[in-house]
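Asks: I'd like to ask some things about the structure below.
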Amino acid sequence: MTVDRNNRSHKPKGTPDGGRYEPKNTGGGTDDAAAPGMDASARPTVPGFDETRRRMDEWYGRLSDLEKSGDARDARRIRDWSAAFDRWQKSHRGEAGAFAARRGDFISSDREAAAFMLARRDLQRERDPEFGELDRRVDREIRRLEREPKPSKEHVDAIDAFERHRRRHPDEIRAYEEKRGKEISSTREAAAYMLARAGLLNESVERGNMLALADEKEWDALGERITETDGVRRYSRALADRYGLDPERERILMEDTDAHLGEEDDPGQAAREMDRRYRLAARLLGDID
């Protein structure tokens, strides 16, 4: 029988051996989640088990159809999620083992491993809508970038931006990867993450939510936006409202535009300076403590 790199059988579910390990090929499967020999009444309680298993079964069927389509990209995607399972379960042995024990069956093929991780990701999206919106956009960007005949300038710039962002915000990247269950492991995924994130930030700005970005210290993204003339006016009005400044005081502060939009290396420096000046003016006028 054909087995994959982790000795997981490729035999479809429903065959006589159910796709389980064969005795002659058990040597390389030590990292796979295996169910202990116990009857159904003794199996552990696993929160969300029924929904995870239902979604896993759905993904198993969809992945089977993708494999039959013969598309190399789809086959690679299955391999990537199967490899993600191998990495994930090493640090989540309790969760993986409990699921296998409750199910009463091994996770016994690349297709099953990929289906489990995709089901888990879907549930994470529902539990955390903010992550879900970002993650769905990342998937869309990955598919869009896959269609490029060669990497565009936008694609290359996004890769560079990701490297800078990862150095500054490693905890954010780790939190995203933990929820997704899969590392950002290719330049295409890195570019897709930054493009998806930029899209969300741009929409937030377009909704007039510039102050929210400032409160979240997203100075880099905000600084790039306020270099646009309309963005400067909108941010200025928002700051004037925040600090209780009337239109005339706002106009006086806006006259010295060069002070806000200098040639600083940090793209967020203009936003920081603008906020500082408006806050200082409000303090001098007694509008804030």
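Within each chain, counting starts at residue 1; across the structure tokens, chains are named A, B, ... in the order shown, with ligands numbered 1 upward in that order.
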Can you pull out the residues contacting Trp59 of chain A? Cut-off 12 Å, using only C-alpha atoms, and skip same-chain residues under 6 positions away; I want them as a PyMOL selection string.
Replies: chain A and resi 52-53+65-66+78+81+111-122
Asks: Keeping only C-alpha atoms, write those residues as a PDB file, in the first residue's frame.
Replies:
ATOM      1  CA  THR A  52     -15.198  19.607  14.732  1.00  0.00           C
ATOM      2  CA  ARG A  53     -15.837  16.047  13.523  1.00  0.00           C
ATOM      3  CA  ASP A  65     -12.573  15.912  -4.788  1.00  0.00           C
ATOM      4  CA  LEU A  66      -9.628  18.311  -5.051  1.00  0.00           C
ATOM      5  CA  ILE A  78      -3.339  19.524   1.118  1.00  0.00           C
ATOM      6  CA  TRP A  81      -2.066  21.521   5.859  1.00  0.00           C
ATOM      7  CA  ARG A 111      -6.125  13.953   3.862  1.00  0.00           C
ATOM      8  CA  GLU A 112      -7.508  13.396   7.364  1.00  0.00           C
ATOM      9  CA  ALA A 113      -4.734  15.462   8.942  1.00  0.00           C
ATOM     10  CA  ALA A 114      -5.441  18.351   6.554  1.00  0.00           C
ATOM     11  CA  ALA A 115      -9.208  18.019   7.110  1.00  0.00           C
ATOM     12  CA  PHE A 116      -8.760  18.173  10.894  1.00  0.00           C
ATOM     13  CA  MET A 117      -6.642  21.338  10.716  1.00  0.00           C
ATOM     14  CA  LEU A 118      -9.053  23.054   8.319  1.00  0.00           C
ATOM     15  CA  ALA A 119     -12.007  22.152  10.548  1.00  0.00           C
ATOM     16  CA  ARG A 120     -10.176  23.525  13.572  1.00  0.00           C
ATOM     17  CA  ARG A 121      -9.354  26.733  11.692  1.00  0.00           C
ATOM     18  CA  ASP A 122     -12.996  27.201  10.672  1.00  0.00           C
TER      19      ASP A 122
END
Asks: Taking only C-alpha atoms into account, produce a table as JSON lines in which each residue of segment 149-267 of chain A with an atom at most 12 Å from an atom of segment 89-110 of chain A appears once, together with its shortest atom pair and the distance in Å to one decimal, ordered by chain and rising number.
Replies:
{"residue": "A:Glu178", "atom": "CA", "partner": "A:Ser91", "partner_atom": "CA", "distance": 10.7}
{"residue": "A:Gly181", "atom": "CA", "partner": "A:Gln89", "partner_atom": "CA", "distance": 9.6}
{"residue": "A:Lys182", "atom": "CA", "partner": "A:Gln89", "partner_atom": "CA", "distance": 11.0}
Asks: Since we have the selection now, will you write its residues out, keeping N, CA, C and O atoms, as a short mmCIF file (atom, residue, chain, number, x, y, z; two decimals), in the first residue's frame?
Replies:
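As a result, again.cif now contains:
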data_model
loop_
_atom_site.label_atom_id
_atom_site.label_comp_id
_atom_site.auth_asym_id
_atom_site.auth_seq_id
_atom_site.Cartn_x
_atom_site.Cartn_y
_atom_site.Cartn_z
N GLU A 178 -0.97 30.70 15.73
CA GLU A 178 -1.56 29.76 16.68
C GLU A 178 -3.04 29.56 16.39
O GLU A 178 -3.54 28.42 16.40
N GLY A 181 -3.37 27.70 13.14
CA GLY A 181 -2.87 26.34 13.23
C GLY A 181 -1.80 26.04 12.21
O GLY A 181 -1.40 24.89 12.04
N LYS A 182 -1.32 27.06 11.55
CA LYS A 182 -0.36 26.87 10.46
C LYS A 182 0.57 28.08 10.42
O LYS A 182 0.12 29.23 10.50
#
Asks: Counting only C-alpha atoms, what are the residues of segment 138-194 of chain A within 12 Å of segment 198-220 of chain A, and for each of them which pair of atoms is the nearest and at what distance in Å, to one decimal? Sort the table by chain and rising number, as a tab-separated table.
Replies:
residue	atom	partner	partner_atom	distance
A:Val138	CA	A:Gly199	CA	10.1
A:Arg140	CA	A:Gly199	CA	11.7
A:Glu141	CA	A:Gly199	CA	10.3
A:Glu154	CA	A:Ala198	CA	11.8
A:Ala158	CA	A:Ala198	CA	9.5
A:Ala161	CA	A:Ala198	CA	10.4
A:Phe162	CA	A:Ala198	CA	10.9
A:Arg164	CA	A:Asp220	CA	11.2
A:His165	CA	A:Asp220	CA	10.1
A:Arg168	CA	A:Asp220	CA	11.3
A:His169	CA	A:Glu218	CA	11.3
A:Ala191	CA	A:Ala198	CA	10.5
A:Ala192	CA	A:Ala198	CA	9.7
A:Tyr193	CA	A:Ala198	CA	8.5
A:Met194	CA	A:Ala198	CA	5.9
Asks: Dump all heavy atoms for the selected residues as a CSV table (one decimal), in the first residue's frame?
Replies:
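Written file, out.csv:
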chain,number,residue,atom,x,y,z
A,138,VAL,N,-6.6,36.7,4.1
A,138,VAL,CA,-5.3,36.1,3.8
A,138,VAL,C,-5.5,35.0,2.7
A,138,VAL,O,-4.7,34.9,1.7
A,138,VAL,CB,-4.7,35.5,5.0
A,138,VAL,CG1,-3.4,34.7,4.7
A,138,VAL,CG2,-4.3,36.7,6.0
A,140,ARG,N,-7.8,34.7,0.5
A,140,ARG,CA,-8.2,35.3,-0.8
A,140,ARG,C,-6.9,35.8,-1.5
A,140,ARG,O,-6.7,35.7,-2.7
A,140,ARG,CB,-9.3,36.3,-0.7
A,140,ARG,CG,-10.6,35.8,-0.4
A,140,ARG,CD,-11.7,36.8,-0.6
A,140,ARG,NE,-11.6,37.9,0.3
A,140,ARG,CZ,-12.3,38.0,1.4
A,140,ARG,NH1,-13.0,37.0,1.8
A,140,ARG,NH2,-12.2,39.1,2.1
A,141,GLU,N,-6.1,36.5,-0.7
A,141,GLU,CA,-4.9,37.1,-1.2
A,141,GLU,C,-3.9,36.0,-1.7
A,141,GLU,O,-3.3,36.2,-2.7
A,141,GLU,CB,-4.2,38.0,-0.2
A,141,GLU,CG,-4.9,39.2,0.2
A,141,GLU,CD,-4.9,40.2,-1.0
A,141,GLU,OE1,-4.1,40.1,-1.9
A,141,GLU,OE2,-5.8,41.2,-1.0
A,154,GLU,N,3.9,45.0,-6.0
A,154,GLU,CA,3.1,45.0,-4.8
A,154,GLU,C,3.4,43.8,-4.0
A,154,GLU,O,3.5,43.8,-2.7
A,154,GLU,CB,1.6,45.0,-5.2
A,154,GLU,CG,0.7,44.9,-4.0
A,154,GLU,CD,-0.8,44.6,-4.4
A,154,GLU,OE1,-1.0,43.7,-5.3
A,154,GLU,OE2,-1.7,45.3,-3.8
A,158,ALA,N,5.2,43.8,-0.3
A,158,ALA,CA,4.5,43.2,0.8
A,158,ALA,C,5.4,42.2,1.6
A,158,ALA,O,5.3,42.1,2.8
A,158,ALA,CB,3.2,42.5,0.4
A,161,ALA,N,7.6,44.3,3.7
A,161,ALA,CA,6.9,44.9,4.8
A,161,ALA,C,6.6,43.8,5.9
A,161,ALA,O,6.7,44.2,7.1
A,161,ALA,CB,5.5,45.4,4.3
A,162,PHE,N,6.4,42.6,5.5
A,162,PHE,CA,6.2,41.5,6.5
A,162,PHE,C,7.4,41.3,7.3
A,162,PHE,O,7.3,41.1,8.5
A,162,PHE,CB,5.8,40.2,5.8
A,162,PHE,CG,5.6,39.1,6.7
A,162,PHE,CD1,4.4,38.9,7.5
A,162,PHE,CD2,6.6,38.1,6.9
A,162,PHE,CE1,4.3,37.9,8.4
A,162,PHE,CE2,6.5,37.1,7.8
A,162,PHE,CZ,5.3,37.0,8.6
A,164,ARG,N,9.7,43.4,8.1
A,164,ARG,CA,9.8,44.5,9.1
A,164,ARG,C,8.8,44.4,10.2
A,164,ARG,O,9.1,44.6,11.3
A,164,ARG,CB,9.7,45.9,8.4
A,164,ARG,CG,10.8,46.2,7.4
A,164,ARG,CD,10.7,47.7,6.9
A,164,ARG,NE,9.4,48.0,6.3
A,164,ARG,CZ,9.3,47.9,4.9
A,164,ARG,NH1,10.2,47.4,4.2
A,164,ARG,NH2,8.1,48.2,4.4
A,165,HIS,N,7.6,44.0,9.8
A,165,HIS,CA,6.5,43.9,10.7
A,165,HIS,C,6.7,42.8,11.7
A,165,HIS,O,6.4,42.9,12.9
A,165,HIS,CB,5.2,43.7,10.0
A,165,HIS,CG,4.0,43.8,10.8
A,165,HIS,ND1,3.5,45.0,11.3
A,165,HIS,CD2,3.1,42.9,11.4
A,165,HIS,CE1,2.4,44.8,12.1
A,165,HIS,NE2,2.2,43.5,12.1
A,168,ARG,N,9.1,43.8,14.4
A,168,ARG,CA,8.5,44.8,15.4
A,168,ARG,C,7.4,44.2,16.2
A,168,ARG,O,7.1,44.5,17.3
A,168,ARG,CB,7.9,46.0,14.6
A,168,ARG,CG,8.9,46.9,14.0
A,168,ARG,CD,8.2,48.0,13.2
A,168,ARG,NE,9.2,48.9,12.5
A,168,ARG,CZ,8.8,49.9,11.7
A,168,ARG,NH1,7.5,50.1,11.5
A,168,ARG,NH2,9.7,50.6,11.1
A,169,HIS,N,6.6,43.2,15.6
A,169,HIS,CA,5.4,42.7,16.3
A,169,HIS,C,5.4,41.1,16.2
A,169,HIS,O,4.5,40.5,15.7
A,169,HIS,CB,4.2,43.2,15.6
A,169,HIS,CG,4.1,44.7,15.5
A,169,HIS,ND1,3.8,45.5,16.6
A,169,HIS,CD2,4.3,45.5,14.4
A,169,HIS,CE1,3.9,46.8,16.2
A,169,HIS,NE2,4.2,46.8,14.9
A,191,ALA,N,3.4,37.8,2.1
A,191,ALA,CA,2.8,38.9,1.3
A,191,ALA,C,1.3,39.0,1.5
A,191,ALA,O,0.7,40.0,1.7
A,191,ALA,CB,3.1,38.7,-0.2
A,192,ALA,N,0.6,37.8,1.5
A,192,ALA,CA,-0.8,37.8,1.6
A,192,ALA,C,-1.3,38.3,3.0
A,192,ALA,O,-2.3,39.0,3.1
A,192,ALA,CB,-1.3,36.3,1.4
A,193,TYR,N,-0.5,38.0,4.0
A,193,TYR,CA,-0.8,38.5,5.4
A,193,TYR,C,-0.8,40.0,5.4
A,193,TYR,O,-1.7,40.6,5.9
A,193,TYR,CB,0.1,37.9,6.4
A,193,TYR,CG,-0.1,38.4,7.8
A,193,TYR,CD1,-1.1,37.8,8.6
A,193,TYR,CD2,0.6,39.4,8.3
A,193,TYR,CE1,-1.3,38.2,9.9
A,193,TYR,CE2,0.4,39.9,9.6
A,193,TYR,CZ,-0.6,39.3,10.4
A,193,TYR,OH,-0.8,39.8,11.6
A,194,MET,N,0.3,40.6,4.9
A,194,MET,CA,0.4,42.0,4.9
A,194,MET,C,-0.6,42.7,4.0
A,194,MET,O,-1.2,43.8,4.4
A,194,MET,CB,1.8,42.4,4.5
A,194,MET,CG,2.9,42.1,5.5
A,194,MET,SD,2.5,42.6,7.2
A,194,MET,CE,2.6,44.4,7.1
Asks: Apply DSSP to the structure's backbone, then extract all residues of segment 89-187 of chain A labelled alpha helix (DSSP H) and return them as an NGL selection string.
Replies: :A and (89-91 or 93-103 or 110-127 or 129-146 or 153-168 or 170-180 or 187)
Asks: Using C-alpha atoms, can you write the selected residues to a file as a PDB file, in the first residue's frame?
Replies:
ATOM      1  CA  GLN A  89       0.233  18.234  17.267  1.00  0.00           C
ATOM      2  CA  LYS A  90       3.772  18.102  18.686  1.00  0.00           C
ATOM      3  CA  SER A  91       2.909  21.064  20.928  1.00  0.00           C
ATOM      4  CA  ARG A  93      -0.535  16.442  22.141  1.00  0.00           C
ATOM      5  CA  GLY A  94      -3.271  16.671  24.752  1.00  0.00           C
ATOM      6  CA  GLU A  95      -5.783  18.222  22.351  1.00  0.00           C
ATOM      7  CA  ALA A  96      -4.861  15.964  19.440  1.00  0.00           C
ATOM      8  CA  GLY A  97      -4.845  12.826  21.574  1.00  0.00           C
ATOM      9  CA  ALA A  98      -8.161  13.650  23.250  1.00  0.00           C
ATOM     10  CA  PHE A  99      -9.810  14.202  19.886  1.00  0.00           C
ATOM     11  CA  ALA A 100      -8.501  10.889  18.539  1.00  0.00           C
ATOM     12  CA  ALA A 101      -9.554   9.070  21.719  1.00  0.00           C
ATOM     13  CA  ARG A 102     -13.036  10.576  21.669  1.00  0.00           C
ATOM     14  CA  ARG A 103     -13.359   9.731  17.978  1.00  0.00           C
ATOM     15  CA  ASP A 110      -2.582  13.184   4.972  1.00  0.00           C
ATOM     16  CA  ARG A 111      -6.125  13.953   3.862  1.00  0.00           C
ATOM     17  CA  GLU A 112      -7.508  13.396   7.364  1.00  0.00           C
ATOM     18  CA  ALA A 113      -4.734  15.462   8.942  1.00  0.00           C
ATOM     19  CA  ALA A 114      -5.441  18.351   6.554  1.00  0.00           C
ATOM     20  CA  ALA A 115      -9.208  18.019   7.110  1.00  0.00           C
ATOM     21  CA  PHE A 116      -8.760  18.173  10.894  1.00  0.00           C
ATOM     22  CA  MET A 117      -6.642  21.338  10.716  1.00  0.00           C
ATOM     23  CA  LEU A 118      -9.053  23.054   8.319  1.00  0.00           C
ATOM     24  CA  ALA A 119     -12.007  22.152  10.548  1.00  0.00           C
ATOM     25  CA  ARG A 120     -10.176  23.525  13.572  1.00  0.00           C
ATOM     26  CA  ARG A 121      -9.354  26.733  11.692  1.00  0.00           C
ATOM     27  CA  ASP A 122     -12.996  27.201  10.672  1.00  0.00           C
ATOM     28  CA  LEU A 123     -14.100  26.998  14.294  1.00  0.00           C
ATOM     29  CA  GLN A 124     -11.411  29.467  15.335  1.00  0.00           C
ATOM     30  CA  ARG A 125     -12.756  31.889  12.739  1.00  0.00           C
ATOM     31  CA  GLU A 126     -16.218  31.668  14.274  1.00  0.00           C
ATOM     32  CA  ARG A 127     -14.990  32.029  17.841  1.00  0.00           C
ATOM     33  CA  PRO A 129     -14.544  37.162  14.262  1.00  0.00           C
ATOM     34  CA  GLU A 130     -11.621  39.589  14.057  1.00  0.00           C
ATOM     35  CA  PHE A 131      -9.210  36.756  13.341  1.00  0.00           C
ATOM     36  CA  GLY A 132     -11.790  35.202  11.004  1.00  0.00           C
ATOM     37  CA  GLU A 133     -12.073  38.308   8.858  1.00  0.00           C
ATOM     38  CA  LEU A 134      -8.306  38.650   8.576  1.00  0.00           C
ATOM     39  CA  ASP A 135      -7.766  34.947   7.887  1.00  0.00           C
ATOM     40  CA  ARG A 136     -10.396  34.795   5.138  1.00  0.00           C
ATOM     41  CA  ARG A 137      -8.719  37.768   3.479  1.00  0.00           C
ATOM     42  CA  VAL A 138      -5.334  36.084   3.753  1.00  0.00           C
ATOM     43  CA  ASP A 139      -6.723  33.039   1.920  1.00  0.00           C
ATOM     44  CA  ARG A 140      -8.170  35.252  -0.816  1.00  0.00           C
ATOM     45  CA  GLU A 141      -4.871  37.079  -1.224  1.00  0.00           C
ATOM     46  CA  ILE A 142      -2.951  33.791  -1.431  1.00  0.00           C
ATOM     47  CA  ARG A 143      -5.181  32.617  -4.266  1.00  0.00           C
ATOM     48  CA  ARG A 144      -4.870  35.954  -6.042  1.00  0.00           C
ATOM     49  CA  LEU A 145      -1.071  35.915  -5.770  1.00  0.00           C
ATOM     50  CA  GLU A 146      -0.976  32.328  -7.047  1.00  0.00           C
ATOM     51  CA  LYS A 153       5.981  44.981  -7.251  1.00  0.00           C
ATOM     52  CA  GLU A 154       3.086  44.985  -4.786  1.00  0.00           C
ATOM     53  CA  HIS A 155       3.867  41.360  -3.980  1.00  0.00           C
ATOM     54  CA  VAL A 156       7.587  42.011  -3.421  1.00  0.00           C
ATOM     55  CA  ASP A 157       6.939  45.146  -1.349  1.00  0.00           C
ATOM     56  CA  ALA A 158       4.499  43.213   0.830  1.00  0.00           C
ATOM     57  CA  ILE A 159       7.159  40.555   1.523  1.00  0.00           C
ATOM     58  CA  ASP A 160       9.582  43.281   2.646  1.00  0.00           C
ATOM     59  CA  ALA A 161       6.859  44.871   4.779  1.00  0.00           C
ATOM     60  CA  PHE A 162       6.165  41.529   6.458  1.00  0.00           C
ATOM     61  CA  GLU A 163       9.807  41.091   7.431  1.00  0.00           C
ATOM     62  CA  ARG A 164       9.833  44.540   9.050  1.00  0.00           C
ATOM     63  CA  HIS A 165       6.483  43.922  10.727  1.00  0.00           C
ATOM     64  CA  ARG A 166       7.522  40.531  12.091  1.00  0.00           C
ATOM     65  CA  ARG A 167      10.596  42.072  13.737  1.00  0.00           C
ATOM     66  CA  ARG A 168       8.473  44.778  15.376  1.00  0.00           C
ATOM     67  CA  PRO A 170       6.501  39.029  16.784  1.00  0.00           C
ATOM     68  CA  ASP A 171       3.726  38.378  19.315  1.00  0.00           C
ATOM     69  CA  GLU A 172       1.053  39.401  16.802  1.00  0.00           C
ATOM     70  CA  ILE A 173       2.407  36.993  14.196  1.00  0.00           C
ATOM     71  CA  ARG A 174       2.665  34.134  16.699  1.00  0.00           C
ATOM     72  CA  ALA A 175      -0.910  34.721  17.897  1.00  0.00           C
ATOM     73  CA  TYR A 176      -2.191  34.646  14.317  1.00  0.00           C
ATOM     74  CA  GLU A 177      -0.289  31.449  13.513  1.00  0.00           C
ATOM     75  CA  GLU A 178      -1.560  29.756  16.684  1.00  0.00           C
ATOM     76  CA  LYS A 179      -5.190  30.506  15.821  1.00  0.00           C
ATOM     77  CA  ARG A 180      -4.728  29.466  12.200  1.00  0.00           C
ATOM     78  CA  THR A 187       6.902  34.367   0.841  1.00  0.00           C
TER      79      THR A 187
END
Asks: Can you tell me how far atom CA of Leu195 of chain A sits from atom CA of Val232 of chain A, in Å to one decimal?
Replies: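 Taking atom CA of Leu195 of chain A as the start and atom CA of Val232 of chain A as the end point, the length is 23.1 Å.
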Asks: Pick out the residues sitting within 10 Å of segment 243-246 of chain A, and hand them over as a list in words; count only C-alpha atoms, and ignore anything fewer than 5 positions along from it in its own chain.
Replies: Arg237, Ala238, Arg251, Asp275, Tyr278, Arg279, Leu280, Ala281, Ala282, Arg283, Leu285, Gly286, Asp287 and Ile288 of chain A
Asks: Export C-alpha atoms of the chosen residues as an mmCIF file, in the first residue's frame?
Replies:
data_model
loop_
_atom_site.group_PDB
_atom_site.id
_atom_site.type_symbol
_atom_site.label_atom_id
_atom_site.label_comp_id
_atom_site.auth_asym_id
_atom_site.auth_seq_id
_atom_site.Cartn_x
_atom_site.Cartn_y
_atom_site.Cartn_z
ATOM 1 C CA ARG A 237 -10.724 67.561 12.152
ATOM 2 C CA ALA A 238 -10.850 64.380 14.200
ATOM 3 C CA ARG A 251 -6.762 76.141 11.103
ATOM 4 C CA ASP A 275 -1.303 64.356 17.798
ATOM 5 C CA TYR A 278 -2.974 69.250 19.087
ATOM 6 C CA ARG A 279 -2.823 67.823 22.598
ATOM 7 C CA LEU A 280 -0.307 70.474 23.681
ATOM 8 C CA ALA A 281 -2.498 73.239 22.236
ATOM 9 C CA ALA A 282 -5.511 71.885 24.133
ATOM 10 C CA ARG A 283 -3.543 71.832 27.378
ATOM 11 C CA LEU A 285 -5.891 76.515 26.292
ATOM 12 C CA GLY A 286 -7.124 74.638 29.336
ATOM 13 C CA ASP A 287 -9.349 72.307 27.289
ATOM 14 C CA ILE A 288 -7.765 69.216 28.839
#
